[in-house]
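Encoded as structure tokens, the structure appears first; notes follow it.
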Amino acid sequence: MNLYTGNSAMKVMFVFLVYLGCASAYQVDNGDTFYYRMLHYKKLQPILSQGTFSWANCGSEKEPAVLKSLSIQPDPISIPGDLQASAAGFTALNLTAPLTVNVTLEKEVAGVWVKIPCVDEIGSCVYGDVCRLLDLVIPPGQDCPEPLYTYGLPCHCPFKAGEYSLPNTYFDLPPVALPPWMASGNYKAMGILTRNNQELACLKGTFSLKTQ
């Protein structure tokens, strides 16, 4: 069964690309979505030595949720292609519904950074109910997909206070119908997580895409 279909799934994939994170990785038997393999025998090359990828927390020191580490390669990210990712984070509070993510996305055009508008809920958009979005992609009561299940990572709200970690994992990014503006190029992104207008986390980053 394909767990990653429809417009809701496209939104999850977009947030995945913006955050360069792991919450949208699924193991299936066809080419319609992400699938993964563990990095037991692959030698990782140093990252952040070239290219455009970078990231930083952008909230205040009092914010309860922070990203502690994030690695991604290759740089640029190739779609379709292979992706290696690892991440670790921490939240001091239980993250419960309603959770809102406000994404700002910019693309470099002729040396100028241009804000990408929200079109069909992809771009610089506000996702007002992330918990519901996750429920649409992964029905409640169903086991979380790999590799989340293996590492005990949740895929539904609430996200309990504590440490979260994804070891180096290998993803295959299949051909997908990205919007025309989301083609090869350099991007800046910022995501702000809030609950009832209280800012819980802020993450910003730069990355490059190479599409075919």
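Scheme for the structure tokens: letters A, B, ... for chains in order shown; per-chain residue numbers from 1; ligand numbers from 1 in order shown.
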
Which neighbours of segment 82-90 of chain A fall inside 9 Å, counting only C-alpha atoms, when residues of the same chain fewer than 4 positions from it are skipped, and could you give them as a ChimeraX atom specification?
/A:20-22,39,44,64-74,77-78,161-174

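The smallest atom-to-atom distance between Leu105 of chain A and any of A:Gly191, A:Pro80, A:Pro147, A:Gly141, using only C-alpha atoms, is found for A:Gly191.
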
From the options A:Thr104, A:Asn196, A:Ser124, A:Thr206, which residue's atoms come nearest to Asp75 of chain A, counting only C-alpha atoms?
A:Thr206

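Taking atom CA of Cys131 of chain A and atom CA of Thr150 of chain A as the two end points, the separation is 21.3 Å.
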
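Going from atom CA of Lys115 of chain A to atom CA of Trp181 of chain A covers 11.1 Å.
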
Shell around Cys155 of chain A at 9 Å using only C-alpha atoms, local window under 5 positions removed, as JSON, numbers by chain:
{"A": [23, 24, 134, 135, 138, 143, 144, 145, 148, 149]}

Keeping C-alpha atoms for every residue in the selection just given, could you write it to a file as a PDB file, in the first residue's frame?
ATOM      1  CA  ALA A  23       9.839  12.756   9.247  1.00  0.00           C
ATOM      2  CA  SER A  24       8.584  12.040   5.722  1.00  0.00           C
ATOM      3  CA  LEU A 134       0.441  13.675   9.664  1.00  0.00           C
ATOM      4  CA  ASP A 135      -2.768  11.772  10.433  1.00  0.00           C
ATOM      5  CA  ILE A 138      -0.204   7.904   8.266  1.00  0.00           C
ATOM      6  CA  ASP A 143       2.729   1.576  13.023  1.00  0.00           C
ATOM      7  CA  CYS A 144       5.085   4.371  12.085  1.00  0.00           C
ATOM      8  CA  PRO A 145       6.937   3.597   8.841  1.00  0.00           C
ATOM      9  CA  LEU A 148      11.019   5.836  12.325  1.00  0.00           C
ATOM     10  CA  TYR A 149       9.722   2.561  13.776  1.00  0.00           C
TER      11      TYR A 149
END

Excluding same-chain residues fewer than 6 positions from Asn197 of chain A, what lies within 12 Å of it counting only C-alpha atoms, as a short mmCIF file (atom, residue, chain, number, x, y, z; two decimals) with C-alpha atoms, in the first residue's frame?
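What follows is the written file part_31.cif:
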data_model
loop_
_atom_site.label_atom_id
_atom_site.label_comp_id
_atom_site.auth_asym_id
_atom_site.auth_seq_id
_atom_site.Cartn_x
_atom_site.Cartn_y
_atom_site.Cartn_z
CA PRO A 98 -2.56 22.37 17.48
CA LEU A 99 0.90 22.77 15.95
CA THR A 100 1.49 25.32 13.20
CA VAL A 101 4.50 25.57 10.89
CA ASN A 102 5.15 28.85 9.10
CA GLY A 128 -2.04 25.43 10.43
#
